[in-house]
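Text of the file input.txt, holding compact mmCIF, C-alpha atoms:
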# COMPACT_ATOMS: atom_id res chain seq x y z
CA MET A 1 27.09 41.52 -35.44
CA THR A 2 24.54 40.49 -32.83
CA GLU A 3 25.63 38.29 -29.95
CA THR A 4 23.26 35.47 -28.94
CA MET A 5 22.82 35.09 -25.20
CA PRO A 6 22.85 31.50 -23.86
CA THR A 7 19.41 30.21 -22.92
CA LYS A 8 18.64 28.98 -19.43
CA SER A 9 17.83 25.31 -18.84
CA THR A 10 14.12 24.54 -18.85
CA ALA A 11 14.42 21.17 -17.13
CA ILE A 12 11.29 20.35 -15.16
CA GLU A 13 11.92 19.82 -11.49
CA PRO A 14 10.13 16.90 -9.78
CA PRO A 15 7.38 17.90 -7.36
CA LYS A 16 8.53 18.27 -3.77
CA SER A 17 6.52 16.49 -1.11
CA ASN A 18 5.97 17.79 2.41
CA LYS A 19 5.52 14.17 3.52
CA THR A 20 8.61 12.16 4.50
CA PHE A 21 6.73 8.83 4.75
CA ILE A 22 3.58 7.90 2.80
CA ALA A 23 1.96 4.47 3.09
CA VAL A 24 -0.47 3.16 0.46
CA GLU A 25 -2.91 0.49 1.62
CA GLY A 26 -5.88 -1.54 0.42
CA PRO A 27 -6.91 -5.10 -0.44
CA ILE A 28 -5.17 -7.29 -3.00
CA GLY A 29 -5.76 -6.14 -6.58
CA VAL A 30 -6.67 -2.55 -5.71
CA GLY A 31 -3.52 -1.04 -7.24
CA LYS A 32 -1.50 -0.01 -4.20
CA THR A 33 1.87 -1.17 -5.57
CA THR A 34 1.26 0.62 -8.89
CA LEU A 35 0.44 3.83 -7.04
CA ALA A 36 3.37 3.47 -4.62
CA LYS A 37 5.80 3.07 -7.53
CA LYS A 38 4.35 6.08 -9.36
CA LEU A 39 4.51 8.26 -6.24
CA ALA A 40 8.08 7.22 -5.52
CA ASN A 41 9.03 8.19 -9.07
CA SER A 42 7.21 11.55 -8.85
CA PHE A 43 8.72 12.50 -5.49
CA GLN A 44 12.10 10.81 -6.10
CA ALA A 45 11.51 8.85 -2.90
CA GLU A 46 12.83 5.55 -1.63
CA LEU A 47 10.36 2.74 -2.41
CA LEU A 48 9.48 0.10 0.20
CA LEU A 49 7.43 -2.80 -1.20
CA GLU A 50 6.11 -5.85 0.57
CA GLY A 51 7.83 -8.93 -0.85
CA ALA A 52 4.87 -11.21 -1.53
CA ALA A 53 6.79 -13.02 -4.29
CA ASP A 54 9.54 -13.87 -1.77
CA ASN A 55 7.16 -15.70 0.59
CA PRO A 56 7.75 -19.45 -0.02
CA PHE A 57 4.48 -20.34 1.78
CA LEU A 58 2.14 -18.06 -0.16
CA GLU A 59 1.41 -20.41 -3.05
CA LYS A 60 0.59 -23.20 -0.60
CA PHE A 61 -1.80 -20.83 1.19
CA TYR A 62 -3.67 -20.08 -2.04
CA GLN A 63 -3.85 -23.81 -2.83
CA ASP A 64 -4.91 -24.86 0.68
CA PRO A 65 -5.75 -21.85 2.92
CA LYS A 66 -6.35 -23.93 6.04
CA ALA A 67 -2.95 -25.65 5.90
CA GLY A 68 -0.93 -22.76 4.52
CA ALA A 69 -2.23 -19.71 6.38
CA LEU A 70 -0.08 -19.79 9.53
CA PRO A 71 3.39 -20.25 7.96
CA ALA A 72 2.56 -17.67 5.25
CA GLN A 73 1.40 -15.16 7.85
CA LEU A 74 4.38 -15.66 10.15
CA TYR A 75 6.74 -15.21 7.21
CA PHE A 76 5.04 -11.90 6.35
CA LEU A 77 5.18 -10.83 10.00
CA PHE A 78 8.96 -11.29 10.21
CA GLN A 79 9.51 -9.81 6.75
CA ARG A 80 7.45 -6.65 7.35
CA SER A 81 8.86 -6.02 10.82
CA ARG A 82 12.39 -6.28 9.41
CA GLN A 83 11.59 -3.91 6.53
CA LEU A 84 10.14 -1.27 8.83
CA GLN A 85 13.03 -1.54 11.25
CA GLU A 86 15.35 -0.89 8.32
CA LEU A 87 13.21 2.12 7.41
CA LYS A 88 13.73 3.54 10.91
CA GLN A 89 17.48 3.45 10.22
CA ALA A 90 17.12 4.80 6.68
CA ASP A 91 19.85 6.65 4.81
CA MET A 92 19.80 10.37 5.65
CA PHE A 93 20.37 11.09 1.95
CA ALA A 94 17.04 9.45 1.02
CA PRO A 95 14.68 11.24 3.43
CA ASN A 96 11.40 10.49 1.60
CA HIS A 97 9.86 7.02 1.59
CA ILE A 98 6.80 5.46 -0.04
CA ALA A 99 5.55 2.05 1.15
CA ASP A 100 2.77 -0.18 -0.15
CA PHE A 101 1.90 -1.54 3.30
CA LEU A 102 1.34 -0.70 6.97
CA MET A 103 2.58 -2.93 9.77
CA ASP A 104 -1.00 -3.26 11.02
CA LYS A 105 -1.85 -4.95 7.74
CA ASP A 106 -0.21 -8.10 9.08
CA ARG A 107 -2.65 -8.44 11.97
CA LEU A 108 -5.55 -7.58 9.68
CA PHE A 109 -4.72 -10.48 7.35
CA ALA A 110 -4.04 -12.81 10.28
CA ARG A 111 -7.53 -12.22 11.66
CA VAL A 112 -9.06 -13.02 8.26
CA THR A 113 -7.05 -16.15 7.46
CA LEU A 114 -6.18 -17.89 10.77
CA ASP A 115 -8.37 -20.05 13.00
CA SER A 116 -8.61 -19.23 16.72
CA ASP A 117 -5.71 -21.45 17.87
CA GLU A 118 -3.44 -20.22 15.10
CA LEU A 119 -4.37 -16.62 15.79
CA ASN A 120 -3.55 -17.08 19.48
CA LEU A 121 -0.08 -18.41 18.54
CA TYR A 122 0.40 -15.61 16.02
CA GLU A 123 -0.50 -12.96 18.63
CA GLN A 124 2.05 -14.43 21.05
CA VAL A 125 4.77 -14.18 18.40
CA TYR A 126 3.66 -10.66 17.45
CA GLU A 127 3.74 -9.45 21.05
CA ASN A 128 7.26 -10.81 21.54
CA LEU A 129 8.64 -9.04 18.50
CA THR A 130 10.15 -5.61 19.04
CA ILE A 131 8.24 -3.67 16.38
CA ASP A 132 8.91 0.04 16.40
CA ALA A 133 7.15 0.90 13.16
CA PRO A 134 7.42 4.49 11.93
CA ILE A 135 4.14 6.44 11.74
CA PRO A 136 3.34 7.68 8.22
CA ASP A 137 2.78 11.36 7.51
CA LEU A 138 -0.10 10.19 5.33
CA VAL A 139 -1.93 6.93 4.67
CA ILE A 140 -3.67 6.51 1.30
CA TYR A 141 -6.39 3.86 1.53
CA LEU A 142 -7.52 2.56 -1.87
CA GLN A 143 -11.02 1.07 -2.07
CA ALA A 144 -12.74 -0.97 -4.80
CA PRO A 145 -15.56 -3.56 -4.82
CA ALA A 146 -14.68 -7.27 -4.81
CA ASP A 147 -15.77 -7.83 -8.42
CA ILE A 148 -13.34 -5.16 -9.66
CA LEU A 149 -10.55 -6.54 -7.46
CA LEU A 150 -11.13 -10.01 -8.89
CA LYS A 151 -11.13 -8.70 -12.46
CA ARG A 152 -7.79 -6.95 -11.90
CA ILE A 153 -6.29 -10.03 -10.24
CA ARG A 154 -7.34 -12.18 -13.21
CA LYS A 155 -5.97 -9.60 -15.65
CA ARG A 156 -2.48 -9.52 -14.12
CA GLY A 157 -2.33 -13.31 -14.45
CA ILE A 158 -0.19 -14.40 -11.50
CA ALA A 159 -0.60 -18.18 -11.54
CA MET A 160 -0.80 -18.78 -7.79
CA GLU A 161 -3.60 -16.19 -7.43
CA HIS A 162 -6.06 -18.02 -9.71
CA THR A 163 -7.83 -19.62 -6.71
CA ILE A 164 -8.72 -16.25 -5.12
CA ASN A 165 -12.50 -15.82 -5.09
CA ASP A 166 -15.18 -13.24 -4.28
CA GLU A 167 -15.81 -14.66 -0.81
CA TYR A 168 -12.19 -14.15 0.28
CA LEU A 169 -12.04 -10.68 -1.25
CA ASN A 170 -15.30 -9.64 0.44
CA ARG A 171 -14.00 -10.74 3.84
CA LEU A 172 -10.72 -8.93 3.22
CA SER A 173 -12.45 -5.74 2.08
CA THR A 174 -14.71 -5.80 5.14
CA ALA A 175 -11.68 -6.18 7.40
CA TYR A 176 -10.03 -3.16 5.74
CA THR A 177 -13.22 -1.09 6.04
CA ASP A 178 -13.53 -1.92 9.75
CA TYR A 179 -9.87 -1.17 10.39
CA PHE A 180 -9.86 2.22 8.71
CA HIS A 181 -13.19 3.19 10.26
CA TYR A 182 -11.31 3.56 13.55
CA TYR A 183 -7.89 4.54 12.18
CA ASN A 184 -6.56 7.84 13.57
CA SER A 185 -2.78 7.40 13.82
CA SER A 186 -2.08 9.47 10.68
CA PRO A 187 -3.91 11.73 8.24
CA LEU A 188 -6.01 9.45 6.03
CA LEU A 189 -6.92 9.91 2.36
CA ILE A 190 -9.59 7.43 1.22
CA VAL A 191 -9.57 6.96 -2.56
CA ASN A 192 -12.24 5.37 -4.73
CA ALA A 193 -9.82 3.30 -6.80
CA SER A 194 -12.52 1.62 -8.87
CA GLY A 195 -12.64 4.67 -11.16
CA MET A 196 -8.98 5.69 -10.98
CA ASP A 197 -6.74 5.01 -13.97
CA LEU A 198 -3.19 5.92 -13.03
CA VAL A 199 -1.69 4.46 -16.19
CA ASN A 200 -3.78 6.25 -18.83
CA ASN A 201 -5.39 9.21 -17.08
CA ASP A 202 -2.83 11.82 -16.07
CA ASP A 203 -5.60 14.15 -14.87
CA HIS A 204 -6.60 11.66 -12.16
CA TYR A 205 -3.01 11.31 -11.03
CA GLN A 206 -2.21 15.03 -11.00
CA GLN A 207 -5.32 15.84 -8.98
CA LEU A 208 -4.46 13.04 -6.57
CA LEU A 209 -0.99 14.58 -6.13
CA GLU A 210 -2.64 17.87 -5.20
CA ARG A 211 -4.85 16.14 -2.62
CA ILE A 212 -1.84 14.36 -1.16
CA GLU A 213 -0.02 17.65 -0.61
CA THR A 214 -3.03 19.41 0.93
CA THR A 215 -4.02 16.55 3.25
CA THR A 216 -2.29 17.36 6.53
CA LYS A 217 -4.72 16.11 9.17
CA GLY A 218 -7.99 14.27 9.62
CA ARG A 219 -9.89 12.05 7.19
CA HIS A 220 -10.48 12.99 3.56
CA TYR A 221 -12.08 11.39 0.47
CA PHE A 222 -11.03 11.48 -3.16
CA ASN A 223 -13.30 10.21 -5.92
CA PRO A 224 -11.70 10.74 -9.33
CA THR A 225 -14.75 9.42 -11.21
CA VAL A 226 -16.60 12.69 -10.51
CA LEU A 227 -13.79 14.95 -11.72
CA LYS A 228 -14.26 16.80 -15.02
Would you write out, as C-alpha cells, the structure that this file holds?
Amino acid sequence: MTETMPTKSTAIEPPKSNKTFIAVEGPIGVGKTTLAKKLANSFQAELLLEGAADNPFLEKFYQDPKAGALPAQLYFLFQRSRQLQELKQADMFAPNHIADFLMDKDRLFARVTLDSDELNLYEQVYENLTIDAPIPDLVIYLQAPADILLKRIRKRGIAMEHTINDEYLNRLSTAYTDYFHYYNSSPLLIVNASGMDLVNNDDHYQQLLERIETTTKGRHYFNPTVLK
C-alpha cells in the first residue's frame, strides 16, 4: 500500500513593497483613487483617501466657483492636515500606506481657484497650521489631457461635477505640470494615464508594479501605451 504525502500549500503571497508610503497624484478624473485602491490591495497597505464627498462646500463651489472656493478650500486644508497628522502616528502593525493626495495639493488648488485676497487669507491660515506631513518614499504623478479627464468625469456621473469644463481642467493640469516640474522631495514616477487601463489590462498594472519597485531615486517616466 502506497502512502500519499500531504501537498504543500500553493497560496500566492501578495507582493512586498520596499516603499512604506506611496502617494498618487494628478488632476481630477485621472484615476488616482482607482490606482491608490488597487495598490493598497496589492501591497496589503493602509489606504488614505481624500474625503471629497465629505466636504459640505464642494457642491456650492462647482455651482458658483467664485462664492464657494474659499470655504471649500479651507475645509480641504483642515481635513488633509488632520489626515496626514494621523498618518504620522499610524499603527505600527500597518507600516505601509498608500494615499491619493499630497499635502501640497491643497496649495496647488488654492492658487487655481482663489482670488488674490482669498489666497492671502488662505496662506495666513496655512502658515499658522502645524503641518508636519510625512515625505513619501515615492510619488506617482498621473497625467492625461483635459479632454480625456472630462470624458472620465462625465462617465462616472457624479452629479455635482457636471459643471466642470475644459477651461478649469486645463488650468488645473497646467498647475500640476508646473508643480511637478520643480518637485524633488521624493522619487517621482510620471505616468501617462491616458493609455493606462488598470481595470481591464493586467499587463499594464503588473509592469507598473515593477516600475514602482525599481524607482528609488530621481525622476522616471512610464508610458504603458508603448508596451507590447
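Each of A:Gln143, A:Gln124, A:Asn55, A:Thr20 was checked against Leu87 (chain A) using all atoms listed in the file; the smallest atom-to-atom distance is that of A:Thr20.
Atom pair CA of Arg211 (chain A) / CA of Gly29 (chain A) has a distance of 22.6 Å (rounded to one decimal).
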- Item | Among the residues A:Val112, A:Leu102, A:Leu119, A:Leu47, the one that comes closest to Thr34 (chain A) [using all atoms listed in the file] | A:Leu47
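In this model, the gap between CA of Ser173 (chain A) and CA of Ala146 (chain A) comes to 7.4 Å.
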- Item | Shell of 12 Å around Gly68 (chain A), all atoms listed in the file, local chain residues under 2 positions omitted, as number ranges by chain | A: 55-66, 70-75, 110, 113-115, 118
Set up a box along x, y and z of the file covering all listed atoms of region 181-195 of chain A, add 3 Å on every one of the six sides, and write the centre and edge lengths in Å to one decimal, as lines of an AutoDock Vina configuration file.
center_x = -7.6
center_y = 6.7
center_z = 1.3
size_x = 17.1
size_y = 16.1
size_z = 31.0
- Message: Env of Gln85 (chain A): 12 Å cut, atoms = only C-alpha atoms, seq-sep filter 2 positions within chain, self excluded. Answer as JSON, numbers by chain.
- Response: {"A": [48, 78, 79, 80, 81, 82, 83, 87, 88, 89, 90, 103, 129, 130, 131, 132, 133, 134, 135]}
- Message: Ranking A:Pro136, A:Tyr168, A:Asp104, A:Leu49 by minimum distance to Ile28 (chain A) and counting only C-alpha atoms, which one comes first?
- Response: A:Tyr168
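The gap separating CA of Asn200 (chain A) from CA of Asn223 (chain A) is 16.5 Å, in Å to one decimal.
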- Tell me, as a PyMOL selection string, which residues lie within 10 Å of His162 (chain A), counting only C-alpha atoms; anything in the same chain fewer than 2 positions away does not count. chain A and resi 62-63+150+153-154+157-160+164-165
